[in-house]
file protein_3.csv (CSV, C-alpha atoms)
chain,number,residue,atom,x,y,z
A,1,MET,CA,-174.0,-48.1,-11.1
A,2,PHE,CA,-172.3,-50.8,-13.2
A,3,HIS,CA,-168.9,-52.0,-12.4
A,4,ILE,CA,-167.0,-54.5,-14.6
A,5,ASN,CA,-164.5,-56.4,-12.5
A,6,VAL,CA,-162.4,-57.9,-15.2
A,7,ALA,CA,-162.1,-57.6,-18.9
A,8,ASP,CA,-159.5,-60.2,-19.9
A,9,ILE,CA,-158.2,-62.2,-22.8
A,10,GLY,CA,-157.2,-65.8,-23.0
A,11,ASN,CA,-154.0,-67.5,-24.1
A,12,VAL,CA,-153.7,-68.9,-27.5
A,13,LYS,CA,-151.5,-71.8,-28.6
A,14,VAL,CA,-149.5,-71.8,-31.8
A,15,ASN,CA,-148.6,-74.9,-33.8
A,16,THR,CA,-146.3,-74.8,-36.8
A,17,SER,CA,-145.0,-77.3,-39.3
A,18,GLN,CA,-141.9,-77.4,-41.5
A,19,ASN,CA,-141.8,-78.4,-45.2
A,20,GLY,CA,-145.4,-79.6,-45.3
A,21,GLY,CA,-148.5,-80.0,-43.2
A,22,PHE,CA,-148.9,-81.1,-39.6
A,23,SER,CA,-147.9,-84.6,-38.5
A,24,SER,CA,-150.5,-87.0,-37.2
A,25,ASP,CA,-149.1,-86.5,-33.7
A,26,GLN,CA,-149.5,-82.7,-33.9
A,27,ILE,CA,-153.1,-83.0,-35.2
A,28,ALA,CA,-153.9,-85.5,-32.5
A,29,ASP,CA,-152.5,-83.2,-29.8
A,30,MET,CA,-154.4,-80.2,-31.1
A,31,ALA,CA,-157.7,-82.2,-31.2
A,32,THR,CA,-157.1,-83.7,-27.7
A,33,ASP,CA,-156.6,-80.2,-26.3
A,34,LYS,CA,-160.0,-79.3,-27.6
A,35,ILE,CA,-161.7,-82.4,-26.3
A,36,VAL,CA,-160.1,-82.7,-22.8
A,37,PHE,CA,-159.4,-79.7,-20.6
A,38,VAL,CA,-158.6,-79.8,-16.9
A,39,ALA,CA,-158.3,-76.6,-14.8
A,40,ASP,CA,-154.9,-76.0,-13.1
A,41,ASN,CA,-156.8,-75.6,-9.8
A,42,ALA,CA,-158.6,-79.0,-10.1
A,43,PRO,CA,-157.8,-81.5,-7.4
A,44,PRO,CA,-154.7,-83.6,-8.2
A,45,ALA,CA,-156.7,-86.9,-8.5
A,46,ILE,CA,-159.0,-85.3,-11.1
A,47,GLN,CA,-156.0,-83.9,-12.9
A,48,GLU,CA,-154.4,-87.3,-13.1
A,49,GLN,CA,-157.6,-88.9,-14.3
A,50,ALA,CA,-158.0,-86.2,-17.0
A,51,ARG,CA,-154.4,-86.8,-18.1
A,52,LEU,CA,-154.9,-90.5,-18.5
A,53,PHE,CA,-158.1,-90.0,-20.4
A,54,ALA,CA,-156.4,-87.4,-22.6
A,55,ASP,CA,-153.6,-90.0,-23.4
A,56,ARG,CA,-156.2,-92.5,-24.5
A,57,VAL,CA,-158.0,-89.9,-26.6
A,58,ARG,CA,-154.7,-88.8,-28.2
A,59,ASN,CA,-153.8,-92.4,-29.1
A,60,LEU,CA,-157.2,-93.1,-30.6
A,61,LEU,CA,-157.2,-89.8,-32.6
A,62,ARG,CA,-153.6,-90.4,-33.9
A,63,GLY,CA,-154.7,-93.8,-35.3
A,64,TYR,CA,-157.7,-92.4,-37.1
A,65,VAL,CA,-155.8,-89.4,-38.4
A,66,ASP,CA,-153.3,-91.8,-39.9
A,67,LEU,CA,-156.1,-93.8,-41.4
A,68,ALA,CA,-157.8,-90.7,-42.8
A,69,LYS,CA,-154.5,-89.6,-44.4
A,70,ARG,CA,-153.9,-93.0,-46.0
A,71,GLU,CA,-157.5,-93.3,-47.3
A,72,GLU,CA,-157.4,-89.7,-48.7
A,73,ARG,CA,-154.0,-90.5,-50.4
A,74,ALA,CA,-155.5,-93.7,-51.8
A,75,THR,CA,-158.4,-91.8,-53.4
A,76,ILE,CA,-156.0,-89.2,-54.8
A,77,ILE,CA,-153.7,-91.9,-56.2
A,78,GLN,CA,-156.6,-93.6,-58.0
A,79,VAL,CA,-157.7,-90.3,-59.5
A,80,ILE,CA,-154.2,-89.5,-60.7
A,81,GLU,CA,-153.6,-93.0,-62.1
A,82,GLN,CA,-156.9,-92.7,-64.0
A,83,THR,CA,-155.5,-89.6,-65.7
A,84,GLY,CA,-152.4,-91.6,-66.8
A,85,ASN,CA,-149.9,-89.9,-64.4
A,86,LYS,CA,-148.5,-93.1,-62.9
A,87,GLU,CA,-145.2,-91.4,-61.9
A,88,LEU,CA,-147.0,-88.7,-59.9
A,89,ALA,CA,-149.2,-91.4,-58.4
A,90,ASN,CA,-146.1,-93.3,-57.2
A,91,ILE,CA,-144.6,-90.2,-55.7
A,92,ILE,CA,-147.8,-89.7,-53.6
A,93,ARG,CA,-147.9,-93.4,-52.8
A,94,ARG,CA,-144.4,-93.2,-51.2
A,95,LEU,CA,-145.4,-90.3,-48.9
B,1,MET,CA,-140.0,-52.6,-28.6
B,2,ALA,CA,-142.2,-55.4,-27.6
B,3,ILE,CA,-145.4,-57.3,-27.9
B,4,THR,CA,-147.4,-57.3,-24.7
B,5,GLN,CA,-150.5,-59.3,-24.4
B,6,ALA,CA,-153.5,-57.1,-23.6
B,7,MET,CA,-157.0,-56.2,-24.3
B,8,CYS,CA,-156.7,-52.9,-26.1
B,9,THR,CA,-157.9,-49.9,-24.0
B,10,SER,CA,-159.5,-48.3,-27.1
B,11,PHE,CA,-161.5,-51.6,-27.5
B,12,LYS,CA,-162.9,-51.4,-24.0
B,13,LYS,CA,-164.1,-47.9,-24.7
B,14,GLU,CA,-165.5,-48.9,-28.1
B,15,LEU,CA,-167.4,-51.8,-26.5
B,16,LEU,CA,-169.3,-49.2,-24.5
B,17,GLU,CA,-170.0,-47.3,-27.7
B,18,GLY,CA,-171.4,-50.3,-29.4
B,19,VAL,CA,-168.7,-50.3,-32.1
B,20,HIS,CA,-168.0,-54.0,-32.3
B,21,ASN,CA,-170.4,-56.8,-33.1
B,22,PHE,CA,-169.1,-60.4,-32.4
B,23,LYS,CA,-172.3,-62.2,-33.4
B,24,ASN,CA,-171.9,-65.2,-35.6
B,25,SER,CA,-174.6,-64.0,-37.9
B,26,GLY,CA,-174.3,-60.4,-39.2
B,27,GLY,CA,-171.3,-59.6,-37.0
B,28,ASP,CA,-168.3,-57.6,-38.0
B,29,THR,CA,-165.3,-59.1,-39.8
B,30,PHE,CA,-162.4,-59.6,-37.4
B,31,LYS,CA,-158.9,-60.5,-38.6
B,32,LEU,CA,-155.8,-61.8,-37.0
B,33,ALA,CA,-152.5,-60.3,-38.1
B,34,LEU,CA,-149.1,-61.7,-37.2
B,35,TYR,CA,-146.2,-59.7,-36.0
B,36,ALA,CA,-142.5,-60.2,-35.5
B,37,GLU,CA,-140.0,-58.8,-33.0
B,38,GLY,CA,-136.3,-58.3,-33.6
B,39,GLY,CA,-136.6,-56.9,-37.1
B,40,GLY,CA,-138.3,-59.9,-38.5
B,41,GLY,CA,-141.2,-58.0,-40.0
B,42,LYS,CA,-141.6,-56.3,-43.4
B,43,SER,CA,-138.7,-54.1,-44.2
B,44,SER,CA,-137.0,-55.3,-41.0
B,45,THR,CA,-139.5,-53.4,-38.9
B,46,THR,CA,-140.2,-54.5,-35.3
B,47,ALA,CA,-143.7,-54.5,-33.8
B,48,THR,CA,-144.6,-52.6,-30.7
B,49,LEU,CA,-148.0,-53.7,-29.6
B,50,GLY,CA,-149.9,-53.6,-26.3
B,51,ALA,CA,-152.9,-52.1,-24.5
B,52,ALA,CA,-152.2,-48.7,-26.1
B,53,THR,CA,-152.6,-50.1,-29.7
B,54,THR,CA,-155.6,-48.6,-31.3
B,55,ALA,CA,-155.6,-50.0,-34.8
B,56,TYR,CA,-153.9,-52.5,-37.2
B,57,THR,CA,-150.5,-51.4,-38.3
B,58,THR,CA,-148.1,-52.8,-40.9
B,59,THR,CA,-145.1,-52.0,-38.7
B,60,GLY,CA,-143.6,-55.3,-37.7
B,61,GLU,CA,-146.2,-57.3,-39.5
B,62,VAL,CA,-144.8,-60.5,-41.1
B,63,ALA,CA,-144.4,-60.6,-44.8
B,64,ASN,CA,-146.9,-62.2,-47.1
B,65,SER,CA,-146.3,-65.9,-47.4
B,66,GLY,CA,-148.5,-68.8,-48.5
B,67,SER,CA,-152.0,-68.0,-47.5
B,68,TYR,CA,-151.0,-65.2,-45.2
B,69,THR,CA,-151.6,-61.7,-46.7
B,70,ALA,CA,-151.3,-58.2,-45.3
B,71,ALA,CA,-153.7,-57.6,-42.4
B,72,GLY,CA,-154.0,-61.3,-41.7
B,73,GLY,CA,-156.7,-63.9,-42.0
B,74,SER,CA,-160.4,-63.5,-41.3
B,75,LEU,CA,-161.6,-65.1,-38.1
B,76,THR,CA,-164.7,-67.2,-37.9
B,77,ARG,CA,-166.9,-65.8,-35.1
B,78,VAL,CA,-168.6,-67.9,-32.5
B,79,ASP,CA,-171.7,-66.3,-30.9
B,80,PRO,CA,-171.0,-64.6,-27.6
B,81,SER,CA,-172.2,-66.6,-24.6
B,82,SER,CA,-172.2,-66.3,-20.8
B,83,SER,CA,-171.5,-68.6,-17.8
B,84,GLY,CA,-172.1,-67.4,-14.3
B,85,THR,CA,-171.4,-63.7,-14.2
B,86,THR,CA,-168.9,-63.8,-17.1
B,87,GLY,CA,-169.7,-63.0,-20.7
B,88,PHE,CA,-167.3,-64.2,-23.4
B,89,THR,CA,-166.8,-64.8,-27.1
B,90,ASP,CA,-164.6,-67.1,-29.1
B,91,PHE,CA,-163.2,-67.6,-32.6
B,92,ALA,CA,-162.5,-70.8,-34.6
B,93,ASP,CA,-158.8,-71.7,-34.9
B,94,ILE,CA,-157.1,-70.1,-37.9
B,95,SER,CA,-154.4,-71.6,-40.1
B,96,PHE,CA,-152.0,-70.1,-42.7
B,97,THR,CA,-150.8,-72.8,-45.1
B,98,THR,CA,-147.7,-73.3,-47.2
B,99,ALA,CA,-146.3,-70.3,-45.3
B,100,THR,CA,-142.9,-69.4,-44.1
B,101,ILE,CA,-143.6,-67.2,-41.1
B,102,THR,CA,-141.8,-66.3,-37.9
B,103,ALA,CA,-144.1,-64.5,-35.5
B,104,MET,CA,-143.9,-63.4,-31.9
B,105,GLY,CA,-147.5,-62.2,-31.5
B,106,ALA,CA,-150.7,-61.2,-33.2
B,107,LEU,CA,-153.3,-58.5,-33.3
B,108,ILE,CA,-157.0,-59.1,-33.5
B,109,HIS,CA,-158.7,-56.2,-35.3
B,110,ASN,CA,-162.0,-55.2,-36.7
B,111,SER,CA,-161.7,-55.0,-40.5
B,112,SER,CA,-165.3,-53.9,-40.8
B,113,ASP,CA,-164.5,-50.7,-38.8
B,114,SER,CA,-161.3,-49.1,-39.8
B,115,ASN,CA,-159.2,-52.0,-38.5
B,116,LYS,CA,-159.8,-51.0,-34.9
B,117,ALA,CA,-157.7,-53.0,-32.5
B,118,VAL,CA,-159.3,-55.6,-30.2
B,119,ALA,CA,-156.6,-57.5,-28.5
B,120,VAL,CA,-152.8,-58.1,-28.7
B,121,LEU,CA,-151.7,-61.8,-28.3
B,122,ASP,CA,-148.2,-62.6,-27.1
B,123,PHE,CA,-146.8,-65.9,-28.2
B,124,THR,CA,-144.0,-65.5,-25.6
B,125,SER,CA,-141.4,-66.8,-28.1
B,126,ASN,CA,-140.9,-66.8,-31.8
B,127,LYS,CA,-143.0,-69.4,-33.6
B,128,THR,CA,-141.8,-70.4,-37.1
B,129,SER,CA,-143.4,-72.3,-39.9
B,130,THR,CA,-141.2,-73.1,-42.9
B,131,ALA,CA,-143.1,-73.9,-46.1
B,132,GLY,CA,-145.7,-75.3,-43.7
B,133,THR,CA,-148.8,-74.5,-41.6
B,134,PHE,CA,-149.0,-71.8,-39.0
B,135,THR,CA,-152.0,-72.4,-36.8
B,136,VAL,CA,-153.3,-70.3,-33.9
B,137,THR,CA,-155.5,-72.3,-31.6
B,138,PHE,CA,-157.9,-70.3,-29.4
B,139,PRO,CA,-158.5,-71.3,-25.8
B,140,ALA,CA,-161.6,-73.1,-24.6
B,141,ALA,CA,-164.7,-71.0,-24.9
B,142,ASP,CA,-165.6,-70.8,-21.2
B,143,ALA,CA,-165.8,-68.2,-18.5
B,144,SER,CA,-162.2,-69.0,-17.3
B,145,ASN,CA,-160.3,-69.3,-20.6
B,146,ALA,CA,-162.1,-67.7,-23.5
B,147,ILE,CA,-160.2,-65.4,-25.7
B,148,ILE,CA,-162.3,-62.3,-24.8
B,149,ARG,CA,-164.0,-62.3,-21.4
B,150,ILE,CA,-165.9,-59.7,-19.4
B,151,ALA,CA,-166.6,-60.7,-15.8
call {"tool": "encode", "arguments": {"input": "protein_3.csv", "output": "structure tokens"}}
result
Amino acid sequence: MFHINVADIGNVKVNTSQNGGFSSDQIADMATDKIVFVADNAPPAIQEQARLFADRVRNLLRGYVDLAKREERATIIQVIEQTGNKELANIIRRL
Amino acid sequence: MAITQAMCTSFKKELLEGVHNFKNSGGDTFKLALYAEGGGGKSSTTATLGAATTAYTTTGEVANSGSYTAAGGSLTRVDPSSSGTTGFTDFADISFTTATITAMGALIHNSSDSNKAVAVLDFTSNKTSTAGTFTVTFPAADASNAIIRIA
């Protein structure tokens, strides 16, 4: 006879942004949560190590997210300028 | 008048009937619909969702906004897996962009099969995006945290 002990669902996280997309900090936090996970019942020393590692990962990711945004904008600005829309290009440059 | 996180009872029965297929290749289409409490849904309706929910409902669903449309967005399936004695499945995170949404919870449902209910998710508080992005991030796909687990 089969007996299933537990059928359960996990907890999701919700992230939202206002008047635009996510900030670099939000994206870095979301990515860090995917990369580093430590169980609540892990020994305190391991939890502390994991938190320190997560902080380093978060800072690294934040920098590269910022870089990716800048580079993407630079490419977009070039494309727009080549079509003669210098005013629109300047608006994007100031973002 | 509430949204209570639960694996829907009808879903448990339907699993035994082979109704749902979560495989990445050739599986059913599952959607995630967003719901409001306190009259924030369409026509000021309030969602009542929980273990007894059997199918997608428009009552209390948030209004269309940005990339969010009625019945919600399609989820990207991840092949079911197992670890130890636990079987589990996962979905990729889902985002609704350029959207003004206030939601208190969500319903995962099978749009390939009469929108049968799978699970109710409780966000525990209202989450709001204003002309922005509303992202639902699924938990780690492991035996302790995955979105749908059978131990």
call {"tool": "closest_atom_pairs", "arguments": {"input": "protein_3.csv", "of": "chain B", "to": "chain A", "cutoff": "6 Å", "atoms": "only C-alpha atoms", "output": "CSV"}}
result
residue,atom,partner,partner_atom,distance
B:Ser129,CA,A:Thr16,CA,4.9
B:Thr130,CA,A:Gln18,CA,4.6
B:Ala131,CA,A:Asn19,CA,4.8
B:Gly132,CA,A:Gly20,CA,4.6
B:Thr133,CA,A:Ser17,CA,5.3
B:Phe134,CA,A:Thr16,CA,4.6
B:Thr135,CA,A:Asn15,CA,5.2
B:Val136,CA,A:Val14,CA,4.6
B:Thr137,CA,A:Lys13,CA,5.0
B:Phe138,CA,A:Val12,CA,4.8
B:Pro139,CA,A:Val12,CA,5.6
B:Asn145,CA,A:Gly10,CA,5.3
B:Ala146,CA,A:Gly10,CA,5.3
B:Ile147,CA,A:Gly10,CA,4.1
B:Ile148,CA,A:Ile9,CA,4.6
B:Arg149,CA,A:Asp8,CA,5.2
B:Ile150,CA,A:Ala7,CA,4.4
B:Ala151,CA,A:Val6,CA,5.1
call {"tool": "residues_around", "arguments": {"input": "protein_3.csv", "residues": "stretch 72-75 of chain B", "least_positions_apart": "2", "cutoff": "8 Å", "atoms": "all atoms listed in the file", "output": "list in words"}}
result
Thr29, Phe30, Lys31, Leu32, Ala33, Leu34, Tyr68, Thr69, Ala70, Arg77, Phe91, Ala92, Asp93, Ile94 and Phe96 of chain B
call {"tool": "residues_near_point", "arguments": {"input": "protein_3.csv", "point": "(-148.1, -89.1, -53.6)", "cutoff": "10 Å", "atoms": "all atoms listed in the file", "output": "PyMOL selection string"}}
result
chain A and resi 73-74+76-77+80+87-95
call {"tool": "residues_around", "arguments": {"input": "protein_3.csv", "residues": "B:Phe22", "least_positions_apart": "4", "cutoff": "9 Å", "atoms": "only C-alpha atoms", "output": "PDB file with C-alpha atoms, keeping the file's coordinate frame"}}
result
ATOM      1  CA  GLY B  26    -174.300 -60.400 -39.200  1.00  0.00           C
ATOM      2  CA  GLY B  27    -171.300 -59.600 -37.000  1.00  0.00           C
ATOM      3  CA  ASP B  28    -168.300 -57.600 -38.000  1.00  0.00           C
ATOM      4  CA  THR B  29    -165.300 -59.100 -39.800  1.00  0.00           C
ATOM      5  CA  PHE B  30    -162.400 -59.600 -37.400  1.00  0.00           C
ATOM      6  CA  ARG B  77    -166.900 -65.800 -35.100  1.00  0.00           C
ATOM      7  CA  VAL B  78    -168.600 -67.900 -32.500  1.00  0.00           C
ATOM      8  CA  ASP B  79    -171.700 -66.300 -30.900  1.00  0.00           C
ATOM      9  CA  PRO B  80    -171.000 -64.600 -27.600  1.00  0.00           C
ATOM     10  CA  THR B  89    -166.800 -64.800 -27.100  1.00  0.00           C
ATOM     11  CA  ASP B  90    -164.600 -67.100 -29.100  1.00  0.00           C
TER      12      ASP B  90
END
call {"tool": "atom_distance", "arguments": {"input": "protein_3.csv", "atom1": "atom CA of B:Ser114", "atom2": "atom CA of B:Ala71"}}
result
11.7 Å
call {"tool": "atom_distance", "arguments": {"input": "protein_3.csv", "atom1": "atom CA of B:Ala141", "atom2": "atom CA of B:Val120"}}
result
18.0 Å
call {"tool": "atom_distance", "arguments": {"input": "protein_3.csv", "atom1": "atom CA of B:Ala117", "atom2": "atom CA of B:Lys23"}}
result
17.3 Å
call {"tool": "residues_around", "arguments": {"input": "protein_3.csv", "residues": "B:Ser82", "least_positions_apart": "4", "cutoff": "9 Å", "atoms": "all atoms listed in the file", "output": "PyMOL selection string"}}
result
chain B and resi 86-89+142-143
call {"tool": "closest_residue", "arguments": {"input": "protein_3.csv", "among": "A:Asp29, A:Asp40, A:Glu48, A:Glu81", "to": "A:Leu61", "atoms": "all atoms listed in the file"}}
result
A:Asp29
call {"tool": "residues_around", "arguments": {"input": "protein_3.csv", "residues": "B:Thr4", "least_positions_apart": "2", "cutoff": "8 Å", "atoms": "all atoms listed in the file", "output": "list in words"}}
result
Ala2, Ala6, Leu49, Gly50, Ala51, Val120, Leu121 and Asp122 of chain B
call {"tool": "closest_residue", "arguments": {"input": "protein_3.csv", "among": "B:Ser10, B:Thr102, B:Thr45, B:Thr85", "to": "B:Thr128", "atoms": "all atoms listed in the file"}}
result
B:Thr102
call {"tool": "closest_residue", "arguments": {"input": "protein_3.csv", "among": "B:Ala106, B:Ile101, B:Val118, B:Val19", "to": "B:Ala52", "atoms": "only C-alpha atoms"}}
result
B:Val118
call {"tool": "closest_residue", "arguments": {"input": "protein_3.csv", "among": "B:Thr98, B:Asn110, B:Thr59, B:Ser81", "to": "B:Asn21", "atoms": "all atoms listed in the file"}}
result
B:Asn110
call {"tool": "residues_near_point", "arguments": {"input": "protein_3.csv", "point": "(-142.2, -55.1, -35.4)", "cutoff": "6 Å", "atoms": "all atoms listed in the file", "output": "list in words"}}
result
Ala36, Glu37, Gly41, Thr45, Thr46, Ala47, Thr48, Thr59 and Gly60 of chain B
call {"tool": "write_last_selection", "arguments": {"input": "protein_3.csv", "atoms": "C-alpha atoms", "output": "compact mmCIF listing (two decimals), keeping the file's coordinate frame"}}
result
# COMPACT_ATOMS: atom_id res chain seq x y z
CA ALA B 36 -142.50 -60.20 -35.50
CA GLU B 37 -140.00 -58.80 -33.00
CA GLY B 41 -141.20 -58.00 -40.00
CA THR B 45 -139.50 -53.40 -38.90
CA THR B 46 -140.20 -54.50 -35.30
CA ALA B 47 -143.70 -54.50 -33.80
CA THR B 48 -144.60 -52.60 -30.70
CA THR B 59 -145.10 -52.00 -38.70
CA GLY B 60 -143.60 -55.30 -37.70
